[in-house]
Structure formats: structure tokens, C-alpha cells
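Next comes query_31.cif, a file with mmCIF, N, CA and C atoms.
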```cif
data_query
#
loop_
_atom_site.group_PDB
_atom_site.id
_atom_site.type_symbol
_atom_site.label_atom_id
_atom_site.label_comp_id
_atom_site.auth_asym_id
_atom_site.auth_seq_id
_atom_site.Cartn_x
_atom_site.Cartn_y
_atom_site.Cartn_z
ATOM 1 N N MET A 1 -0.919 -21.702 11.708
ATOM 2 C CA MET A 1 -1.416 -20.380 12.048
ATOM 3 C C MET A 1 -2.620 -20.056 11.162
ATOM 4 N N ALA A 2 -3.737 -19.795 11.772
ATOM 5 C CA ALA A 2 -4.943 -19.444 11.026
ATOM 6 C C ALA A 2 -4.991 -17.934 10.834
ATOM 7 N N LEU A 3 -5.206 -17.515 9.589
ATOM 8 C CA LEU A 3 -5.306 -16.091 9.287
ATOM 9 C C LEU A 3 -6.758 -15.663 9.349
ATOM 10 N N LYS A 4 -7.006 -14.533 9.945
ATOM 11 C CA LYS A 4 -8.339 -13.940 9.945
ATOM 12 C C LYS A 4 -8.237 -12.646 9.159
ATOM 13 N N LEU A 5 -8.626 -12.716 7.892
ATOM 14 C CA LEU A 5 -8.532 -11.549 7.027
ATOM 15 C C LEU A 5 -9.677 -10.587 7.308
ATOM 16 N N LYS A 6 -9.356 -9.302 7.288
ATOM 17 C CA LYS A 6 -10.358 -8.257 7.476
ATOM 18 C C LYS A 6 -10.068 -7.134 6.495
ATOM 19 N N GLN A 7 -11.111 -6.515 6.029
ATOM 20 C CA GLN A 7 -10.950 -5.379 5.133
ATOM 21 C C GLN A 7 -10.227 -4.257 5.872
ATOM 22 N N GLY A 8 -9.258 -3.652 5.213
ATOM 23 C CA GLY A 8 -8.499 -2.561 5.822
ATOM 24 C C GLY A 8 -7.195 -2.996 6.460
ATOM 25 N N GLN A 9 -6.949 -4.302 6.579
ATOM 26 C CA GLN A 9 -5.687 -4.751 7.157
ATOM 27 C C GLN A 9 -4.525 -4.323 6.266
ATOM 28 N N VAL A 10 -3.389 -4.034 6.917
ATOM 29 C CA VAL A 10 -2.179 -3.655 6.189
ATOM 30 C C VAL A 10 -1.087 -4.660 6.550
ATOM 31 N N TRP A 11 -0.454 -5.189 5.517
ATOM 32 C CA TRP A 11 0.612 -6.177 5.668
ATOM 33 C C TRP A 11 1.892 -5.612 5.068
ATOM 34 N N LYS A 12 3.032 -5.905 5.688
ATOM 35 C CA LYS A 12 4.333 -5.466 5.178
ATOM 36 C C LYS A 12 4.991 -6.641 4.475
ATOM 37 N N HIS A 13 5.408 -6.396 3.233
ATOM 38 C CA HIS A 13 6.072 -7.419 2.417
ATOM 39 C C HIS A 13 7.328 -6.804 1.824
ATOM 40 N N GLY A 14 8.469 -7.053 2.459
ATOM 41 C CA GLY A 14 9.725 -6.433 2.010
ATOM 42 C C GLY A 14 9.663 -4.930 2.215
ATOM 43 N N ASP A 15 9.820 -4.169 1.122
ATOM 44 C CA ASP A 15 9.737 -2.705 1.226
ATOM 45 C C ASP A 15 8.389 -2.189 0.742
ATOM 46 N N GLU A 16 7.418 -3.075 0.572
ATOM 47 C CA GLU A 16 6.073 -2.697 0.115
ATOM 48 C C GLU A 16 5.042 -3.001 1.191
ATOM 49 N N PHE A 17 3.896 -2.377 1.047
ATOM 50 C CA PHE A 17 2.780 -2.617 1.943
ATOM 51 C C PHE A 17 1.593 -3.097 1.126
ATOM 52 N N ILE A 18 0.822 -4.017 1.687
ATOM 53 C CA ILE A 18 -0.362 -4.560 1.019
ATOM 54 C C ILE A 18 -1.562 -4.264 1.910
ATOM 55 N N ARG A 19 -2.548 -3.566 1.350
ATOM 56 C CA ARG A 19 -3.758 -3.216 2.102
ATOM 57 C C ARG A 19 -4.956 -3.896 1.452
ATOM 58 N N ILE A 20 -5.756 -4.593 2.255
ATOM 59 C CA ILE A 20 -6.953 -5.254 1.746
ATOM 60 C C ILE A 20 -8.034 -4.192 1.564
ATOM 61 N N VAL A 21 -8.522 -4.028 0.332
ATOM 62 C CA VAL A 21 -9.537 -3.015 0.057
ATOM 63 C C VAL A 21 -10.910 -3.626 -0.197
ATOM 64 N N GLN A 22 -10.951 -4.878 -0.633
ATOM 65 C CA GLN A 22 -12.233 -5.533 -0.867
ATOM 66 C C GLN A 22 -12.074 -7.013 -0.548
ATOM 67 N N LEU A 23 -12.878 -7.484 0.368
ATOM 68 C CA LEU A 23 -12.791 -8.874 0.793
ATOM 69 C C LEU A 23 -14.115 -9.553 0.509
ATOM 70 N N GLU A 24 -14.069 -10.558 -0.332
ATOM 71 C CA GLU A 24 -15.260 -11.332 -0.676
ATOM 72 C C GLU A 24 -15.027 -12.779 -0.287
ATOM 73 N N ARG A 25 -16.019 -13.610 -0.545
ATOM 74 C CA ARG A 25 -15.941 -15.009 -0.139
ATOM 75 C C ARG A 25 -14.767 -15.738 -0.786
ATOM 76 N N LEU A 26 -14.574 -15.554 -2.077
ATOM 77 C CA LEU A 26 -13.524 -16.278 -2.794
ATOM 78 C C LEU A 26 -12.475 -15.384 -3.442
ATOM 79 N N GLU A 27 -12.608 -14.081 -3.309
ATOM 80 C CA GLU A 27 -11.701 -13.158 -3.995
ATOM 81 C C GLU A 27 -11.289 -12.027 -3.055
ATOM 82 N N VAL A 28 -10.087 -11.541 -3.269
ATOM 83 C CA VAL A 28 -9.557 -10.427 -2.478
ATOM 84 C C VAL A 28 -9.086 -9.339 -3.431
ATOM 85 N N GLY A 29 -9.518 -8.110 -3.170
ATOM 86 C CA GLY A 29 -9.000 -6.945 -3.871
ATOM 87 C C GLY A 29 -8.037 -6.256 -2.926
ATOM 88 N N TYR A 30 -6.831 -5.979 -3.395
ATOM 89 C CA TYR A 30 -5.838 -5.363 -2.528
ATOM 90 C C TYR A 30 -5.047 -4.319 -3.302
ATOM 91 N N LYS A 31 -4.351 -3.495 -2.546
ATOM 92 C CA LYS A 31 -3.548 -2.429 -3.141
ATOM 93 C C LYS A 31 -2.123 -2.566 -2.622
ATOM 94 N N VAL A 32 -1.162 -2.523 -3.542
ATOM 95 C CA VAL A 32 0.254 -2.595 -3.196
ATOM 96 C C VAL A 32 0.821 -1.180 -3.277
ATOM 97 N N VAL A 33 1.380 -0.693 -2.160
ATOM 98 C CA VAL A 33 1.933 0.661 -2.113
ATOM 99 C C VAL A 33 3.348 0.634 -1.536
ATOM 100 N N LYS A 34 4.141 1.596 -1.943
ATOM 101 C CA LYS A 34 5.504 1.746 -1.403
ATOM 102 C C LYS A 34 5.502 2.634 -0.165
ATOM 103 N N ASN A 35 4.601 3.641 -0.150
ATOM 104 C CA ASN A 35 4.558 4.611 0.930
ATOM 105 C C ASN A 35 3.126 4.699 1.444
ATOM 106 N N LEU A 36 2.915 4.401 2.716
ATOM 107 C CA LEU A 36 1.560 4.429 3.278
ATOM 108 C C LEU A 36 0.986 5.838 3.352
ATOM 109 N N LYS A 37 1.838 6.835 3.500
ATOM 110 C CA LYS A 37 1.347 8.213 3.619
ATOM 111 C C LYS A 37 0.747 8.718 2.313
ATOM 112 N N THR A 38 1.393 8.425 1.187
ATOM 113 C CA THR A 38 0.871 8.900 -0.099
ATOM 114 C C THR A 38 -0.257 8.000 -0.593
ATOM 115 N N GLY A 39 -0.183 6.708 -0.317
ATOM 116 C CA GLY A 39 -1.226 5.781 -0.742
ATOM 117 C C GLY A 39 -1.219 5.481 -2.229
ATOM 118 N N GLU A 40 -0.207 5.955 -2.933
ATOM 119 C CA GLU A 40 -0.127 5.695 -4.369
ATOM 120 C C GLU A 40 0.334 4.262 -4.585
ATOM 121 N N GLY A 41 -0.419 3.556 -5.405
ATOM 122 C CA GLY A 41 -0.053 2.175 -5.652
ATOM 123 C C GLY A 41 -0.919 1.545 -6.715
ATOM 124 N N LYS A 42 -0.831 0.255 -6.793
ATOM 125 C CA LYS A 42 -1.491 -0.507 -7.838
ATOM 126 C C LYS A 42 -2.545 -1.433 -7.231
ATOM 127 N N HIS A 43 -3.768 -1.399 -7.783
ATOM 128 C CA HIS A 43 -4.835 -2.285 -7.338
ATOM 129 C C HIS A 43 -4.686 -3.650 -8.007
ATOM 130 N N GLU A 44 -4.915 -4.696 -7.239
ATOM 131 C CA GLU A 44 -4.831 -6.064 -7.739
ATOM 132 C C GLU A 44 -6.038 -6.859 -7.231
ATOM 133 N N HIS A 45 -6.382 -7.931 -7.936
ATOM 134 C CA HIS A 45 -7.411 -8.877 -7.514
ATOM 135 C C HIS A 45 -6.854 -10.281 -7.663
ATOM 136 N N THR A 46 -7.152 -11.143 -6.727
ATOM 137 C CA THR A 46 -6.718 -12.529 -6.804
ATOM 138 C C THR A 46 -7.665 -13.389 -5.973
ATOM 139 N N SER A 47 -7.485 -14.683 -6.072
ATOM 140 C CA SER A 47 -8.297 -15.586 -5.256
ATOM 141 C C SER A 47 -7.819 -15.509 -3.813
ATOM 142 N N LYS A 48 -8.691 -15.846 -2.903
ATOM 143 C CA LYS A 48 -8.337 -15.807 -1.489
ATOM 144 C C LYS A 48 -7.201 -16.795 -1.197
ATOM 145 N N LYS A 49 -7.215 -17.925 -1.875
ATOM 146 C CA LYS A 49 -6.181 -18.938 -1.682
ATOM 147 C C LYS A 49 -4.803 -18.402 -2.082
ATOM 148 N N ASP A 50 -4.717 -17.757 -3.250
ATOM 149 C CA ASP A 50 -3.442 -17.187 -3.690
ATOM 150 C C ASP A 50 -3.010 -16.034 -2.794
ATOM 151 N N PHE A 51 -3.964 -15.253 -2.315
ATOM 152 C CA PHE A 51 -3.642 -14.135 -1.434
ATOM 153 C C PHE A 51 -3.036 -14.647 -0.124
ATOM 154 N N CYS A 52 -3.586 -15.703 0.423
ATOM 155 C CA CYS A 52 -3.048 -16.263 1.663
ATOM 156 C C CYS A 52 -1.634 -16.805 1.450
ATOM 157 N N ARG A 53 -1.364 -17.348 0.266
ATOM 158 C CA ARG A 53 -0.003 -17.791 -0.047
ATOM 159 C C ARG A 53 0.954 -16.603 -0.080
ATOM 160 N N LEU A 54 0.498 -15.481 -0.623
ATOM 161 C CA LEU A 54 1.304 -14.265 -0.677
ATOM 162 C C LEU A 54 1.628 -13.772 0.732
ATOM 163 N N LEU A 55 0.693 -13.907 1.651
ATOM 164 C CA LEU A 55 0.864 -13.379 3.005
ATOM 165 C C LEU A 55 1.794 -14.212 3.867
ATOM 166 N N LYS A 56 2.191 -15.395 3.429
ATOM 167 C CA LYS A 56 3.076 -16.238 4.241
ATOM 168 C C LYS A 56 4.394 -15.543 4.552
ATOM 169 N N ASP A 57 4.864 -14.683 3.651
ATOM 170 C CA ASP A 57 6.120 -13.963 3.860
ATOM 171 C C ASP A 57 5.899 -12.556 4.400
ATOM 172 N N CYS A 58 4.679 -12.232 4.802
ATOM 173 C CA CYS A 58 4.339 -10.872 5.226
ATOM 174 C C CYS A 58 4.136 -10.786 6.734
ATOM 175 N N THR A 59 4.161 -9.557 7.221
ATOM 176 C CA THR A 59 3.919 -9.272 8.636
ATOM 177 C C THR A 59 2.718 -8.341 8.745
ATOM 178 N N LEU A 60 1.765 -8.710 9.586
ATOM 179 C CA LEU A 60 0.578 -7.877 9.798
ATOM 180 C C LEU A 60 0.945 -6.683 10.660
ATOM 181 N N LEU A 61 0.603 -5.489 10.190
ATOM 182 C CA LEU A 61 0.836 -4.271 10.971
ATOM 183 C C LEU A 61 -0.374 -4.022 11.853
ATOM 184 N N GLU A 62 -0.114 -3.654 13.078
ATOM 185 C CA GLU A 62 -1.193 -3.378 14.028
ATOM 186 C C GLU A 62 -1.845 -2.038 13.702
ATOM 187 N N PRO A 63 -3.171 -1.978 13.745
ATOM 188 C CA PRO A 63 -3.839 -0.689 13.499
ATOM 189 C C PRO A 63 -3.577 0.266 14.659
ATOM 190 N N LYS A 64 -3.534 1.545 14.335
ATOM 191 C CA LYS A 64 -3.362 2.552 15.386
ATOM 192 C C LYS A 64 -4.613 2.609 16.224
ATOM 193 N N LYS A 65 -4.430 2.712 17.532
ATOM 194 C CA LYS A 65 -5.574 2.796 18.428
ATOM 195 C C LYS A 65 -6.122 4.209 18.410
ATOM 196 N N ALA A 66 -7.432 4.307 18.442
ATOM 197 C CA ALA A 66 -8.085 5.619 18.441
ATOM 198 C C ALA A 66 -7.821 6.302 19.790
ATOM 199 N N ALA A 67 -7.608 7.591 19.738
ATOM 200 C CA ALA A 67 -7.388 8.354 20.960
ATOM 201 C C ALA A 67 -8.678 8.377 21.758
ATOM 202 N N THR A 68 -8.568 8.057 23.030
ATOM 203 C CA THR A 68 -9.751 8.055 23.890
ATOM 204 C C THR A 68 -9.776 9.316 24.716
ATOM 205 N N ASP A 69 -10.966 9.774 24.981
ATOM 206 C CA ASP A 69 -11.150 10.974 25.790
ATOM 207 C C ASP A 69 -11.247 10.551 27.246
ATOM 208 N N PRO A 70 -10.270 10.928 28.105
ATOM 209 C CA PRO A 70 -10.308 10.501 29.510
ATOM 210 C C PRO A 70 -11.539 11.047 30.234
ATOM 211 N N ALA A 71 -12.098 12.146 29.770
ATOM 212 C CA ALA A 71 -13.278 12.708 30.427
ATOM 213 C C ALA A 71 -14.511 11.851 30.186
ATOM 214 N N ALA A 72 -14.488 11.047 29.122
ATOM 215 C CA ALA A 72 -15.634 10.205 28.803
ATOM 216 C C ALA A 72 -15.719 8.981 29.700
ATOM 217 N N ASP A 73 -14.643 8.642 30.421
ATOM 218 C CA ASP A 73 -14.640 7.451 31.275
ATOM 219 C C ASP A 73 -15.373 7.663 32.561
#
```

Render the structure in this file as C-alpha cells.
Amino acid sequence: MALKLKQGQVWKHGDEFIRIVQLERLEVGYKVVKNLKTGEGKHEHTSKKDFCRLLKDCTLLEPKKAATDPAAD
């Protein structure tokens, strides 16, 4: 399975959530939070290789779709 990392993705790992906040060529900045609504958590940095290893046990959460205006169609 090939992962396509994008800034802003949210992954579920046990009872925690991992959000990618900074994505570079060889490094990933991410935030680990317990509650997505409060957003309180700890910022971390690691290599992209180690981050992908961390994600093996995680599930990618689908982003919410933006509400569309039916009148605009």
C-alpha cells in the first residue's frame, strides 16, 4: 500500500489522533491530540521514514466534505 501524505491529514492511532502540520521532503511535523475539538496536544518532528512506520497501525480519517450550494449548480 503506497501512502500519499498531505498536509492537514488526520490519522487515528488508538485513542489519539495525529495531524500532519508540516510536510517537507525528508521531515514531517505532526501534532498528537486526544480530542480533535480542543486541538490541545504535543508537536513532534521526525523523519518521513519513521513517520510512515508510525502510520502502519493508524487509520486515515476522511476529511469532511464542504457544503455545496445547490443554487450554484

Which residues are near Leu60 of chain A? Cut-off 6.5 Å, all atoms listed in the file, ignore same chain within fewer than 4 positions. Put them as a PDB file with N, CA and C atoms, in the frame of the given file.
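Result went into part25.pdb, see below:
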```pdb
ATOM      1  N   VAL A  10      -3.389  -4.034   6.917  1.00  0.00           N
ATOM      2  CA  VAL A  10      -2.179  -3.655   6.189  1.00  0.00           C
ATOM      3  C   VAL A  10      -1.087  -4.660   6.550  1.00  0.00           C
ATOM      4  N   TRP A  11      -0.454  -5.189   5.517  1.00  0.00           N
ATOM      5  CA  TRP A  11       0.612  -6.177   5.668  1.00  0.00           C
ATOM      6  C   TRP A  11       1.892  -5.612   5.068  1.00  0.00           C
ATOM      7  N   LYS A  12       3.032  -5.905   5.688  1.00  0.00           N
ATOM      8  CA  LYS A  12       4.333  -5.466   5.178  1.00  0.00           C
ATOM      9  C   LYS A  12       4.991  -6.641   4.475  1.00  0.00           C
TER      10      LYS A  12
END
```

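Residues in contact with segment 39-45 of chain A at 6.5 Å, where only N, CA and C atoms are counted and same-chain residues fewer than 6 positions away are skipped, are listed as Val28, Gly29, Tyr30, Lys31, Val32 and Val33 of chain A.
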
I'd like the contact shell of Arg25 of chain A - 8 Å cut-off, all atoms listed in the file, skipping same-chain residues fewer than 4 positions apart - returned as a list of chain:residue names.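 Counting all atoms listed in the file, the residues come to A:Ser47, A:Lys48, A:Lys49.
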
Expected answer as a list in words: helix (DSSP H, G or I) residues in chain A: Lys48, Lys49, Asp50, Phe51, Cys52, Arg53, Leu54, Leu55, Pro70, Ala71 and Ala72 of chain A

Leaving out segment 2-7 of chain A and any residue of its chain fewer than 6 positions from it, which residues lie within 7 Å of it when counting all atoms listed in the file, given as a PyMOL selection string? chain A and resi 19-23

Between atom N of His13 of chain A and atom C of Asn35 of chain A lies a distance of 11.5 Å
